[in-house]
Amino acid sequence: MTQTELFEYIRADPLLSASLWLNIALAGLSILLFVYMGRLVEDPRAQLIFVATLMVPLVSIASYTGLVSGITVGFLEMPAGHALAGAGSGPEGGVFTPWGRYLTWALSTPMILLALGLLAGSNVTKLFTAITADIAMCVTGLAAALTTSSYMLRWVWYGISCAFFAVVLYVLLVEWAEDAEIAGTAEIFNTLKLLTVVLWLGYPIVWGVGAEGLALVQSPAVTSWAYSGMDIVAKYVFAFLLLRWVASNESAVATISSGLGSDGSGVAAADD
């Protein structure tokens with residue numbers, strides 16, 4: 001299908017189209033709100049958290065515009081063995097695949113982890129580990145979505161992606177949780193950590209039951225709303241909670257020792 005035909009396909013499905021336009025609107029509003037919230041922040045670490053977090057809606061508004069324009073979507077013919085092989089809604093039975101979402105996640109989720117790592121007072125090694133594993137998770141997830149040569153290999157890529165995700169979860173739940181206790185930011189970090197972990201677990205589940213996986217849910221619009229709904233909370237609500245706390249506790253953020261880590265070095269930040 002041409003880009004124009006893809007654009008018309010999305011526009012002709014109000015439910016699918018609304019799931020994309022809502023994110024564009026919320027991303028735009030979030031950008032304005034977050035810039036306003038950070039206008040008086042002066043501490044370098046707090047500013048870096050704001051910049052990293054602001055990149056999330058900036059990436060999202062560009063990405064969702066690409067999706068709704070038909071630039072980063074397509075119809076792929078599923079391999080033999082897939083439930084929708086030759087039976088999708090597109091030309092020659094192709095399955096609607098918004099592959100641009102993986103580019104969004106590969107650029108936005110590292111910024112979320114950077115902000116969380118800075119909040120926890122983590123060191124460079126842990127930041128590098130979490131961010132690189134996260135990018136690898138997104139890239140191998142894209143490979144799973146784009147593999148049409150073998151149904152088995154789609155799930156092999158899916159398993160590799162989940163393995164990288166396990167590394168990210170370990171850093172979040174174990175390493176950074178300990179760091180945040182030392183840094184004195186455990187209360188807000190634990191809230192954001194749980195929000196992130198619970199929602200991020202939803203993405204591979206939606207992929208598994210959606211048209212790209214087992215096809216238990218075959219509607220592109222329903223799957224798109226599932227992803228968009230998680231994006232709204234995991235990105236914009238998450239960012240608001242984080243930035244509101246940072247703006248109100250800038251002095252506490254300023255006292256976090258850079259690269260504090262869980263070895264007990266440095267001085268814990270004072271409670272607000």
# chains A, B, ... in the order shown; residues from 1 in each chain; ligands from 1

$ residues_around --residues "A:Met1" --least-positions-apart "2" --cutoff "12 Å" --atoms "only C-alpha atoms" --output "ChimeraX atom specification"
/A:3-9,70-71,73-76,90-92,94,96

$ closest_residue --among "A:Ile135, A:Val198, A:Ala183, A:Val41" --to "A:Glu250" --atoms "only C-alpha atoms"
A:Val41

$ residues_around --residues "A:Leu113" --least-positions-apart "3" --cutoff "10 Å" --atoms "only C-alpha atoms" --output "PyMOL selection string"
chain A and resi 52-53+108-110+116-119+127-128+130-131+134+168+171-172+193+196

$ select_by_dssp --residues "stretch 19-123 of chain A" --states "helix (DSSP H, G or I)" --output "PyMOL selection string"
chain A and resi 19-37+44-68+91-93+100-120
